[in-house]
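A.B. asks: structure32.pdb (PDB, C-alpha atoms) pasted underneath:
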ATOM      1  CA  MET A   1     -24.946 -16.768 -20.332
ATOM      2  CA  MET A   2     -28.659 -17.325 -21.187
ATOM      3  CA  ARG A   3     -29.862 -14.769 -23.664
ATOM      4  CA  PRO A   4     -33.458 -13.652 -23.295
ATOM      5  CA  LEU A   5     -34.048 -12.851 -26.970
ATOM      6  CA  PRO A   6     -33.740 -16.339 -28.504
ATOM      7  CA  LEU A   7     -35.755 -17.721 -25.602
ATOM      8  CA  ALA A   8     -38.515 -15.236 -26.201
ATOM      9  CA  ALA A   9     -38.355 -15.928 -29.914
ATOM     10  CA  CYS A  10     -38.889 -19.651 -29.256
ATOM     11  CA  LEU A  11     -41.841 -18.908 -27.008
ATOM     12  CA  ALA A  12     -43.324 -16.566 -29.560
ATOM     13  CA  LEU A  13     -42.892 -19.174 -32.283
ATOM     14  CA  ALA A  14     -44.477 -21.878 -30.143
ATOM     15  CA  ALA A  15     -47.453 -19.630 -29.517
ATOM     16  CA  ALA A  16     -47.673 -18.468 -33.101
ATOM     17  CA  LEU A  17     -47.579 -21.891 -34.794
ATOM     18  CA  PRO A  18     -50.970 -23.229 -33.682
ATOM     19  CA  MET A  19     -52.484 -19.833 -34.432
ATOM     20  CA  ALA A  20     -51.007 -19.819 -37.885
ATOM     21  CA  ALA A  21     -52.447 -23.292 -38.446
ATOM     22  CA  MET A  22     -55.869 -22.016 -37.445
ATOM     23  CA  ASN A  23     -55.538 -18.932 -39.593
ATOM     24  CA  ALA A  24     -54.458 -20.948 -42.597
ATOM     25  CA  GLN A  25     -58.137 -21.708 -43.222
ATOM     26  CA  ASP A  26     -59.135 -18.132 -42.607
ATOM     27  CA  VAL A  27     -58.287 -16.456 -45.928
ATOM     28  CA  SER A  28     -59.640 -13.043 -44.986
ATOM     29  CA  ALA A  29     -56.961 -11.738 -42.618
ATOM     30  CA  PRO A  30     -53.712 -13.676 -42.741
ATOM     31  CA  ALA A  31     -51.504 -10.701 -41.944
ATOM     32  CA  GLU A  32     -53.483  -9.526 -38.959
ATOM     33  CA  ALA A  33     -53.108 -12.686 -36.904
ATOM     34  CA  PRO A  34     -52.450 -11.590 -33.336
ATOM     35  CA  VAL A  35     -48.955 -12.979 -33.164
ATOM     36  CA  PRO A  36     -47.510 -12.113 -29.770
ATOM     37  CA  ALA A  37     -44.797  -9.507 -30.201
ATOM     38  CA  PRO A  38     -41.306 -10.516 -29.064
ATOM     39  CA  ALA A  39     -41.448  -9.501 -25.437
ATOM     40  CA  PRO A  40     -38.024  -7.905 -24.788
ATOM     41  CA  ALA A  41     -38.422  -5.209 -27.459
ATOM     42  CA  ALA A  42     -39.804  -2.608 -25.087
ATOM     43  CA  GLN A  43     -37.738  -2.880 -21.949
ATOM     44  CA  GLY A  44     -36.327  -0.246 -19.706
ATOM     45  CA  PRO A  45     -32.626   0.330 -19.038
ATOM     46  CA  LEU A  46     -30.753  -2.951 -18.729
ATOM     47  CA  THR A  47     -29.025  -3.840 -15.509
ATOM     48  CA  GLY A  48     -25.332  -4.238 -16.121
ATOM     49  CA  ASN A  49     -23.334  -7.170 -14.837
ATOM     50  CA  ALA A  50     -19.938  -5.762 -13.862
ATOM     51  CA  ASP A  51     -18.311  -9.219 -13.675
ATOM     52  CA  ASN A  52     -19.180  -9.937 -17.280
ATOM     53  CA  GLY A  53     -18.183  -6.379 -18.159
ATOM     54  CA  LYS A  54     -14.750  -7.046 -16.750
ATOM     55  CA  LEU A  55     -14.327 -10.006 -19.095
ATOM     56  CA  LEU A  56     -15.557  -8.012 -22.076
ATOM     57  CA  THR A  57     -13.176  -5.111 -21.459
ATOM     58  CA  TYR A  58      -9.845  -6.936 -21.632
ATOM     59  CA  THR A  59      -9.579  -5.804 -25.254
ATOM     60  CA  CYS A  60     -10.146  -2.166 -24.283
ATOM     61  CA  GLN A  61      -6.823  -2.109 -22.451
ATOM     62  CA  GLY A  62      -4.978  -2.177 -25.768
ATOM     63  CA  CYS A  63      -5.753   1.533 -26.147
ATOM     64  CA  HIS A  64      -7.481   2.722 -22.957
ATOM     65  CA  GLY A  65      -5.085   0.853 -20.675
ATOM     66  CA  VAL A  66      -1.928   2.596 -21.787
ATOM     67  CA  VAL A  67      -1.378   5.856 -19.934
ATOM     68  CA  GLY A  68      -1.137   8.714 -22.400
ATOM     69  CA  TYR A  69      -1.636   6.449 -25.443
ATOM     70  CA  LYS A  70      -2.298   8.519 -28.536
ATOM     71  CA  ASN A  71      -4.899   8.136 -31.215
ATOM     72  CA  ALA A  72      -3.356   8.709 -34.642
ATOM     73  CA  TYR A  73      -4.851  10.994 -37.297
ATOM     74  CA  PRO A  74      -6.048  13.142 -35.657
ATOM     75  CA  SER A  75      -3.597  12.919 -32.831
ATOM     76  CA  TYR A  76      -5.015  13.136 -29.320
ATOM     77  CA  LYS A  77      -4.779  10.992 -26.223
ATOM     78  CA  VAL A  78      -7.265   8.150 -25.928
ATOM     79  CA  PRO A  79      -9.711   9.252 -23.241
ATOM     80  CA  ARG A  80      -9.731   8.058 -19.666
ATOM     81  CA  ILE A  81     -12.932   6.070 -19.334
ATOM     82  CA  GLY A  82     -12.540   4.378 -15.945
ATOM     83  CA  GLY A  83     -14.820   6.078 -13.410
ATOM     84  CA  GLN A  84     -17.027   7.695 -16.036
ATOM     85  CA  SER A  85     -20.759   7.178 -15.348
ATOM     86  CA  SER A  86     -22.379   4.017 -16.667
ATOM     87  CA  GLU A  87     -25.096   6.071 -18.386
ATOM     88  CA  TYR A  88     -22.560   8.116 -20.320
ATOM     89  CA  LEU A  89     -20.514   5.045 -21.259
ATOM     90  CA  SER A  90     -23.638   3.169 -22.423
ATOM     91  CA  ALA A  91     -24.743   6.147 -24.481
ATOM     92  CA  ALA A  92     -21.288   6.529 -26.061
ATOM     93  CA  LEU A  93     -21.009   2.852 -26.993
ATOM     94  CA  THR A  94     -24.549   2.824 -28.362
ATOM     95  CA  GLU A  95     -23.779   5.882 -30.490
ATOM     96  CA  TYR A  96     -20.671   4.186 -31.886
ATOM     97  CA  LYS A  97     -22.647   0.986 -32.482
ATOM     98  CA  HIS A  98     -25.228   2.849 -34.560
ATOM     99  CA  GLY A  99     -22.640   4.993 -36.315
ATOM    100  CA  ASN A 100     -23.921   8.253 -34.803
ATOM    101  CA  ARG A 101     -20.525   8.825 -33.291
ATOM    102  CA  LYS A 102     -17.537   8.219 -35.509
ATOM    103  CA  HIS A 103     -14.338   6.440 -34.714
ATOM    104  CA  PRO A 104     -13.228   3.487 -36.849
ATOM    105  CA  THR A 105     -11.909   1.339 -33.996
ATOM    106  CA  MET A 106     -14.712   2.157 -31.584
ATOM    107  CA  GLN A 107     -17.369   1.570 -34.230
ATOM    108  CA  ALA A 108     -15.840  -1.801 -35.114
ATOM    109  CA  GLN A 109     -15.653  -2.785 -31.449
ATOM    110  CA  SER A 110     -19.143  -1.735 -30.508
ATOM    111  CA  GLU A 111     -20.821  -3.344 -33.527
ATOM    112  CA  SER A 112     -20.189  -6.736 -31.970
ATOM    113  CA  PHE A 113     -21.761  -5.788 -28.638
ATOM    114  CA  SER A 114     -25.363  -6.514 -27.687
ATOM    115  CA  ASP A 115     -27.263  -3.979 -25.600
ATOM    116  CA  GLN A 116     -26.667  -6.246 -22.614
ATOM    117  CA  ASP A 117     -22.920  -6.360 -23.350
ATOM    118  CA  ILE A 118     -22.874  -2.560 -23.421
ATOM    119  CA  ALA A 119     -24.700  -2.388 -20.085
ATOM    120  CA  ASP A 120     -22.209  -4.878 -18.616
ATOM    121  CA  ILE A 121     -19.180  -2.977 -19.927
ATOM    122  CA  ALA A 122     -20.552   0.321 -18.633
ATOM    123  CA  ALA A 123     -21.271  -1.208 -15.231
ATOM    124  CA  PHE A 124     -17.690  -2.424 -14.906
ATOM    125  CA  LEU A 125     -15.919   0.662 -16.230
ATOM    126  CA  SER A 126     -17.925   3.015 -14.035
ATOM    127  CA  THR A 127     -16.659   1.203 -10.946
ATOM    128  CA  VAL A 128     -12.965   1.325 -11.904
ATOM    129  CA  LYS A 129     -11.190   3.548  -9.402
TER     130      LYS A 129
ATOM    131  CA  MET B   1       9.203  -2.861 -25.496
ATOM    132  CA  PRO B   2       7.177   0.281 -26.109
ATOM    133  CA  ASN B   3      10.094   1.463 -28.209
ATOM    134  CA  ALA B   4       9.856  -1.569 -30.459
ATOM    135  CA  LYS B   5       6.120  -0.985 -30.749
ATOM    136  CA  HIS B   6       6.660   2.667 -31.515
ATOM    137  CA  ALA B   7       9.327   1.885 -34.072
ATOM    138  CA  GLN B   8       6.922  -0.446 -35.804
ATOM    139  CA  ARG B   9       4.178   2.171 -35.787
ATOM    140  CA  LEU B  10       6.597   4.766 -37.068
ATOM    141  CA  ALA B  11       7.659   2.452 -39.867
ATOM    142  CA  ILE B  12       4.027   1.900 -40.852
ATOM    143  CA  ALA B  13       3.335   5.617 -40.697
ATOM    144  CA  LEU B  14       6.387   6.347 -42.835
ATOM    145  CA  LEU B  15       5.343   3.757 -45.384
ATOM    146  CA  ALA B  16       1.863   5.240 -45.486
ATOM    147  CA  ALA B  17       3.326   8.715 -45.945
ATOM    148  CA  LEU B  18       5.549   7.456 -48.740
ATOM    149  CA  ALA B  19       2.581   5.803 -50.402
ATOM    150  CA  LEU B  20       0.649   9.057 -50.144
ATOM    151  CA  VAL B  21       3.482  11.027 -51.688
ATOM    152  CA  ALA B  22       3.814   8.450 -54.446
ATOM    153  CA  CYS B  23       0.097   8.648 -55.195
ATOM    154  CA  SER B  24      -0.060  12.422 -55.144
ATOM    155  CA  GLY B  25       2.328  12.463 -58.088
ATOM    156  CA  ASN B  26      -0.696  11.552 -60.205
ATOM    157  CA  GLU B  27      -3.464  13.940 -61.125
ATOM    158  CA  ASP B  28      -5.107  12.735 -57.964
ATOM    159  CA  HIS B  29      -4.897  16.081 -56.162
ATOM    160  CA  GLY B  30      -8.349  16.131 -54.611
ATOM    161  CA  GLN B  31      -7.810  12.894 -52.770
ATOM    162  CA  SER B  32      -4.524  13.782 -51.138
ATOM    163  CA  GLU B  33      -5.823  17.182 -50.086
ATOM    164  CA  HIS B  34      -8.777  15.449 -48.529
ATOM    165  CA  ALA B  35      -6.542  13.074 -46.611
ATOM    166  CA  ALA B  36      -4.487  15.965 -45.276
ATOM    167  CA  GLU B  37      -7.612  17.788 -44.148
ATOM    168  CA  ALA B  38      -8.976  14.742 -42.343
ATOM    169  CA  GLY B  39      -5.673  14.277 -40.585
ATOM    170  CA  SER B  40      -5.333  17.731 -39.115
ATOM    171  CA  SER B  41      -8.329  17.938 -36.823
ATOM    172  CA  SER B  42      -6.944  18.414 -33.336
ATOM    173  CA  ALA B  43      -3.443  19.340 -34.341
ATOM    174  CA  GLY B  44      -3.036  23.055 -34.712
ATOM    175  CA  LEU B  45      -5.021  24.187 -31.676
ATOM    176  CA  PRO B  46      -3.271  27.064 -29.928
ATOM    177  CA  LYS B  47      -1.881  26.628 -26.436
ATOM    178  CA  GLY B  48      -4.649  26.573 -23.833
ATOM    179  CA  ARG B  49      -4.777  29.052 -20.922
ATOM    180  CA  THR B  50      -6.445  27.611 -17.839
ATOM    181  CA  GLY B  51      -7.405  31.020 -16.392
ATOM    182  CA  ASN B  52      -9.337  32.018 -19.492
ATOM    183  CA  GLY B  53     -10.780  28.534 -19.631
ATOM    184  CA  GLU B  54     -12.112  28.846 -16.091
ATOM    185  CA  GLN B  55     -13.882  32.111 -16.937
ATOM    186  CA  LEU B  56     -15.348  30.676 -20.086
ATOM    187  CA  ALA B  57     -16.449  27.493 -18.302
ATOM    188  CA  ASN B  58     -18.570  29.616 -15.968
ATOM    189  CA  ALA B  59     -19.996  31.920 -18.634
ATOM    190  CA  LYS B  60     -23.476  31.260 -19.986
ATOM    191  CA  GLY B  61     -23.379  30.097 -23.579
ATOM    192  CA  LYS B  62     -25.535  32.125 -25.968
ATOM    193  CA  ALA B  63     -26.987  29.079 -27.689
ATOM    194  CA  THR B  64     -28.241  27.244 -24.605
ATOM    195  CA  GLY B  65     -28.207  29.783 -21.773
ATOM    196  CA  GLN B  66     -26.112  27.276 -19.823
ATOM    197  CA  SER B  67     -22.479  27.293 -18.831
ATOM    198  CA  CYS B  68     -20.262  24.202 -18.911
ATOM    199  CA  ILE B  69     -20.370  24.141 -15.121
ATOM    200  CA  ASP B  70     -24.184  24.364 -15.077
ATOM    201  CA  CYS B  71     -24.406  20.883 -16.589
ATOM    202  CA  HIS B  72     -21.042  19.210 -15.903
ATOM    203  CA  GLY B  73     -20.829  20.493 -12.325
ATOM    204  CA  ALA B  74     -17.995  22.094 -10.376
ATOM    205  CA  ASP B  75     -14.620  21.209 -11.917
ATOM    206  CA  GLY B  76     -16.605  19.223 -14.479
ATOM    207  CA  ASN B  77     -16.864  16.484 -11.892
ATOM    208  CA  ALA B  78     -20.539  16.548 -10.890
ATOM    209  CA  PRO B  79     -22.727  16.244 -13.994
ATOM    210  CA  ILE B  80     -26.409  16.960 -13.381
ATOM    211  CA  ASP B  81     -27.405  14.087 -15.672
ATOM    212  CA  GLY B  82     -25.914  10.608 -15.811
ATOM    213  CA  THR B  83     -25.492  10.785 -19.564
ATOM    214  CA  TYR B  84     -23.236  13.860 -19.285
ATOM    215  CA  PRO B  85     -19.565  12.954 -18.959
ATOM    216  CA  LYS B  86     -17.206  13.939 -16.190
ATOM    217  CA  LEU B  87     -14.595  16.283 -17.608
ATOM    218  CA  GLY B  88     -12.250  16.939 -14.685
ATOM    219  CA  GLY B  89      -8.768  15.642 -15.373
ATOM    220  CA  GLN B  90      -9.704  14.213 -18.753
ATOM    221  CA  TYR B  91      -6.884  14.530 -21.289
ATOM    222  CA  ALA B  92      -7.030  18.101 -22.563
ATOM    223  CA  ASP B  93      -6.325  17.136 -26.162
ATOM    224  CA  TYR B  94      -9.188  14.619 -26.109
ATOM    225  CA  LEU B  95     -11.522  17.334 -24.770
ATOM    226  CA  GLY B  96     -10.302  19.619 -27.544
ATOM    227  CA  HIS B  97     -10.999  16.915 -30.098
ATOM    228  CA  ALA B  98     -14.522  16.343 -28.709
ATOM    229  CA  LEU B  99     -15.332  20.073 -28.862
ATOM    230  CA  GLN B 100     -13.981  20.309 -32.398
ATOM    231  CA  GLU B 101     -16.155  17.368 -33.421
ATOM    232  CA  TYR B 102     -19.233  19.042 -31.907
ATOM    233  CA  ARG B 103     -18.358  22.346 -33.532
ATOM    234  CA  ALA B 104     -17.993  20.675 -36.926
ATOM    235  CA  GLY B 105     -21.270  18.791 -36.462
ATOM    236  CA  ARG B 106     -19.541  15.430 -36.734
ATOM    237  CA  ARG B 107     -20.612  14.598 -33.198
ATOM    238  CA  GLN B 108     -24.172  15.464 -32.326
ATOM    239  CA  HIS B 109     -25.793  16.358 -29.032
ATOM    240  CA  ALA B 110     -28.878  18.485 -28.477
ATOM    241  CA  LEU B 111     -26.963  20.869 -26.192
ATOM    242  CA  MET B 112     -23.292  20.391 -27.037
ATOM    243  CA  THR B 113     -23.606  20.878 -30.780
ATOM    244  CA  PRO B 114     -25.121  24.389 -30.548
ATOM    245  CA  GLN B 115     -22.972  25.204 -27.517
ATOM    246  CA  ALA B 116     -19.753  24.454 -29.382
ATOM    247  CA  ALA B 117     -20.813  25.950 -32.714
ATOM    248  CA  SER B 118     -19.457  29.438 -32.021
ATOM    249  CA  LEU B 119     -16.287  28.512 -30.117
ATOM    250  CA  THR B 120     -12.977  29.673 -31.542
ATOM    251  CA  ASP B 121      -9.900  27.450 -31.610
ATOM    252  CA  GLN B 122      -8.463  29.491 -28.750
ATOM    253  CA  GLU B 123     -11.611  29.063 -26.655
ATOM    254  CA  ILE B 124     -11.609  25.316 -27.276
ATOM    255  CA  ALA B 125      -7.965  25.159 -26.233
ATOM    256  CA  ASP B 126      -8.640  27.240 -23.098
ATOM    257  CA  LEU B 127     -11.646  25.163 -21.995
ATOM    258  CA  SER B 128      -9.771  21.936 -22.620
ATOM    259  CA  ALA B 129      -6.759  23.120 -20.654
ATOM    260  CA  TYR B 130      -8.974  24.200 -17.769
ATOM    261  CA  PHE B 131     -10.989  20.996 -17.415
ATOM    262  CA  GLY B 132      -7.891  18.896 -18.041
ATOM    263  CA  SER B 133      -6.230  20.630 -15.094
ATOM    264  CA  ARG B 134      -9.034  19.910 -12.611
ATOM    265  CA  PRO B 135      -8.954  17.072 -10.041
ATOM    266  CA  SER B 136     -10.132  13.847 -11.611
ATOM    267  CA  GLN B 137     -12.374  10.904 -10.899
ATOM    268  CA  LEU B 138     -11.274   9.321 -14.157
ATOM    269  CA  ARG B 139      -8.468   6.918 -14.916
ATOM    270  CA  ASP B 140      -6.976   4.769 -17.623
ATOM    271  CA  LEU B 141      -7.612   1.029 -17.496
ATOM    272  CA  HIS B 142      -3.990   0.213 -16.718
ATOM    273  CA  GLY B 143      -4.106  -2.477 -14.014
ATOM    274  CA  ALA B 144      -7.895  -2.403 -13.806
ATOM    275  CA  HIS B 145      -8.307  -6.113 -14.614
TER     276      HIS B 145
END
Let me see the file written as C-alpha cells.
C.D. replies:
Amino acid sequence: MMRPLPLAACLALAAALPMAAMNAQDVSAPAEAPVPAPAPAAQGPLTGNADNGKLLTYTCQGCHGVVGYKNAYPSYKVPRIGGQSSEYLSAALTEYKHGNRKHPTMQAQSESFSDQDIADIAAFLSTVK
Amino acid sequence: MPNAKHAQRLAIALLAALALVACSGNEDHGQSEHAAEAGSSSAGLPKGRTGNGEQLANAKGKATGQSCIDCHGADGNAPIDGTYPKLGGQYADYLGHALQEYRAGRRQHALMTPQAASLTDQEIADLSAYFGSRPSQLRDLHGAH
C-alpha cells in the first residue's frame, strides 16, 4: 500500500531544498524559512479499509478468536470486540498505542500499528457479525 | 488440543509460582506482596445480581448526573456516541475488570472515571452481571476471517 507520509515528506523536501539554498546566503533568519509543513499532520478521521483490516487482524484471533478465552493475572475473559463500533475500537487501540490504557499484550500489538492500520482494523472488526 | 495448550500454560504458571515462592524466601517481601496485589484485580468480586444491576444501570450517577443507560443506551446496546462501547452481552468479568480499572484510576475517561469512583465491589458485580446478561451485538472473532 502507498503511504501518504513518506510521499509528503519527499514533496516537502523537494520544496524545501531550493529554499534552503536561497536562505543559505541570508544569515538573518535561517530558522524562520517558510518550509512547508508536512501536509498530513492535521487531517480528520481516517477512512478505514476493512479489507486491509481483515489481513491485519489474523493475529487478534489468538486471544479474541477463542470463545471464553481468559486473560491471566488478573483473570477475566478477553472481551468480545466483533461488532463494536469503529470509533470505540479506534479510540481503544490508540489509547493502548500511547500507553494511556494498560495491557501488556495490547500495548505491544498496537505500538506497531499506524493510525491508518488502526482505522483499517476498526473498520473490519466493526462489521464482524 | 486445547488440553495440551492448557497443560502447557498450567506448567508455566506452576513454574512461575514456584519461582515466586523460591524468591519470597529472601528478605524480598515487598516485591512478592506487590505481585500478589497486582494479580488479584478482578478475582474476588462478589456474585453479581442482575436485578440489582438493572436498577443501578438506570439510576443517575452522582458524579455525572447520567445513568449507564443514558449514554450506553437500552441494554447497553445503543450508545449515544460512537466512542462509547456497546455493553450488552459483553463478558461480565471483562466489564467488571473495566469498571475496577476506572475506579482505581488506571483507566481514564472523562465520564467513566468519576462515575466508577464510588462504586462498591458488589455494585460493580451487579452492573457487570446485568449488562452481560443483555442481548448482544458483539461476538468473538472465531471464524470471522
A.B. asks: Check every residue of chain B for an atom within 9 Å of chain A, counting all atoms listed in the file, and provide those that qualify as a ChimeraX atom specification.
C.D. replies: /B:38-43,81-86,89-97,106-108,137-145
A.B. asks: Would you kindly return, as a count of residues only, each protein, DNA or RNA residue with an atom no farther than 10 Å from any atom of Gly61 in chain B, considering only C-alpha atoms and excluding same-chain residues fewer than 5 positions away?
C.D. replies: 9
A.B. asks: Check what the PyMOL selection byres ((chain A and resi 111) around 10) selects in the file above and give those residues as a tab-separated table (two decimals) with C-alpha atoms, in the frame of the given file.
C.D. replies:
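Below you can see part02.tsv, which holds the result:
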chain	number	residue	atom	x	y	z
A	93	LEU	CA	-21.01	2.85	-26.99
A	94	THR	CA	-24.55	2.82	-28.36
A	96	TYR	CA	-20.67	4.19	-31.89
A	97	LYS	CA	-22.65	0.99	-32.48
A	98	HIS	CA	-25.23	2.85	-34.56
A	99	GLY	CA	-22.64	4.99	-36.32
A	106	MET	CA	-14.71	2.16	-31.58
A	107	GLN	CA	-17.37	1.57	-34.23
A	108	ALA	CA	-15.84	-1.80	-35.11
A	109	GLN	CA	-15.65	-2.78	-31.45
A	110	SER	CA	-19.14	-1.74	-30.51
A	112	SER	CA	-20.19	-6.74	-31.97
A	113	PHE	CA	-21.76	-5.79	-28.64
A	114	SER	CA	-25.36	-6.51	-27.69
A.B. asks: Between CA of Leu45 in chain B and CA of Pro135 in chain B, what distance in Å does the model show, to one decimal?
C.D. replies: 23.1 Å
A.B. asks: Tell me, in Å to one decimal, how far CA of Tyr130 in chain B is from CA of Leu87 in chain B.
C.D. replies: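 Computing the Euclidean distance for CA of Tyr130 in chain B and CA of Leu87 in chain B yields 9.7 Å.
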A.B. asks: One decimal, Å: what's the distance from CA of Leu56 in chain A over to CA of Pro104 in chain A, could you say?
C.D. replies: 18.9 Å
A.B. asks: Could you name the residues that touch Ala117 in chain B at 10 Å or less, counting all atoms listed in the file, but leaving out those on the same chain fewer than 2 positions away, as a list in words?
C.D. replies: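 In the requested format, the answer is Ala63, Leu99, Gln100, Glu101, Tyr102, Arg103, Ala104, Gly105, Met112, Thr113, Pro114, Gln115, Leu119 and Thr120 of chain B.
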A.B. asks: Skipping near chain neighbours, those fewer than 4 positions away, what residues fall within 8 Å of Pro46 in chain B using all atoms listed in the file, listed as a ChimeraX atom specification?
C.D. replies: /B:121-122,125
A.B. asks: Could you please take those selected residues and save C-alpha atoms as a JSON list (two decimals), in the frame of the given file?
C.D. replies:
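Just written: again_24.json:
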[["chain", "number", "residue", "atom", "x", "y", "z"],
["B", 121, "ASP", "CA", -9.90, 27.45, -31.61],
["B", 122, "GLN", "CA", -8.46, 29.49, -28.75],
["B", 125, "ALA", "CA", -7.96, 25.16, -26.23]]
A.B. asks: Mind completing range 116-132 of chain B with N, CA and C atoms? Output as a PDB file, in the coordinates of the input, please?
C.D. replies:
ATOM      1  N   ALA B 116     -21.121  24.402 -28.856  1.00  0.00           N
ATOM      2  CA  ALA B 116     -19.753  24.454 -29.382  1.00  0.00           C
ATOM      3  C   ALA B 116     -19.666  25.207 -30.707  1.00  0.00           C
ATOM      4  N   ALA B 117     -20.818  25.440 -31.325  1.00  0.00           N
ATOM      5  CA  ALA B 117     -20.813  25.950 -32.714  1.00  0.00           C
ATOM      6  C   ALA B 117     -20.022  27.244 -32.868  1.00  0.00           C
ATOM      7  N   SER B 118     -20.084  28.119 -31.852  1.00  0.00           N
ATOM      8  CA  SER B 118     -19.457  29.438 -32.021  1.00  0.00           C
ATOM      9  C   SER B 118     -18.089  29.539 -31.355  1.00  0.00           C
ATOM     10  N   LEU B 119     -17.582  28.440 -30.805  1.00  0.00           N
ATOM     11  CA  LEU B 119     -16.287  28.512 -30.117  1.00  0.00           C
ATOM     12  C   LEU B 119     -15.144  28.698 -31.115  1.00  0.00           C
ATOM     13  N   THR B 120     -14.188  29.528 -30.732  1.00  0.00           N
ATOM     14  CA  THR B 120     -12.977  29.673 -31.542  1.00  0.00           C
ATOM     15  C   THR B 120     -11.988  28.585 -31.141  1.00  0.00           C
ATOM     16  N   ASP B 121     -10.949  28.412 -31.953  1.00  0.00           N
ATOM     17  CA  ASP B 121      -9.900  27.450 -31.610  1.00  0.00           C
ATOM     18  C   ASP B 121      -9.288  27.785 -30.254  1.00  0.00           C
ATOM     19  N   GLN B 122      -9.073  29.088 -30.014  1.00  0.00           N
ATOM     20  CA  GLN B 122      -8.463  29.491 -28.750  1.00  0.00           C
ATOM     21  C   GLN B 122      -9.372  29.147 -27.573  1.00  0.00           C
ATOM     22  N   GLU B 123     -10.671  29.377 -27.742  1.00  0.00           N
ATOM     23  CA  GLU B 123     -11.611  29.063 -26.655  1.00  0.00           C
ATOM     24  C   GLU B 123     -11.659  27.557 -26.387  1.00  0.00           C
ATOM     25  N   ILE B 124     -11.627  26.774 -27.448  1.00  0.00           N
ATOM     26  CA  ILE B 124     -11.609  25.316 -27.276  1.00  0.00           C
ATOM     27  C   ILE B 124     -10.344  24.904 -26.522  1.00  0.00           C
ATOM     28  N   ALA B 125      -9.228  25.487 -26.901  1.00  0.00           N
ATOM     29  CA  ALA B 125      -7.965  25.159 -26.233  1.00  0.00           C
ATOM     30  C   ALA B 125      -8.008  25.565 -24.762  1.00  0.00           C
ATOM     31  N   ASP B 126      -8.577  26.748 -24.475  1.00  0.00           N
ATOM     32  CA  ASP B 126      -8.640  27.240 -23.098  1.00  0.00           C
ATOM     33  C   ASP B 126      -9.536  26.343 -22.234  1.00  0.00           C
ATOM     34  N   LEU B 127     -10.726  26.021 -22.745  1.00  0.00           N
ATOM     35  CA  LEU B 127     -11.646  25.163 -21.995  1.00  0.00           C
ATOM     36  C   LEU B 127     -11.021  23.791 -21.738  1.00  0.00           C
ATOM     37  N   SER B 128     -10.372  23.264 -22.748  1.00  0.00           N
ATOM     38  CA  SER B 128      -9.771  21.936 -22.620  1.00  0.00           C
ATOM     39  C   SER B 128      -8.660  21.951 -21.585  1.00  0.00           C
ATOM     40  N   ALA B 129      -7.853  23.008 -21.623  1.00  0.00           N
ATOM     41  CA  ALA B 129      -6.759  23.120 -20.654  1.00  0.00           C
ATOM     42  C   ALA B 129      -7.318  23.237 -19.241  1.00  0.00           C
ATOM     43  N   TYR B 130      -8.404  24.012 -19.101  1.00  0.00           N
ATOM     44  CA  TYR B 130      -8.974  24.200 -17.769  1.00  0.00           C
ATOM     45  C   TYR B 130      -9.522  22.885 -17.209  1.00  0.00           C
ATOM     46  N   PHE B 131     -10.395  22.230 -17.945  1.00  0.00           N
ATOM     47  CA  PHE B 131     -10.989  20.996 -17.415  1.00  0.00           C
ATOM     48  C   PHE B 131      -9.935  19.896 -17.260  1.00  0.00           C
ATOM     49  N   GLY B 132      -8.959  19.883 -18.170  1.00  0.00           N
ATOM     50  CA  GLY B 132      -7.891  18.896 -18.041  1.00  0.00           C
ATOM     51  C   GLY B 132      -7.055  19.097 -16.789  1.00  0.00           C
TER      52      GLY B 132
END
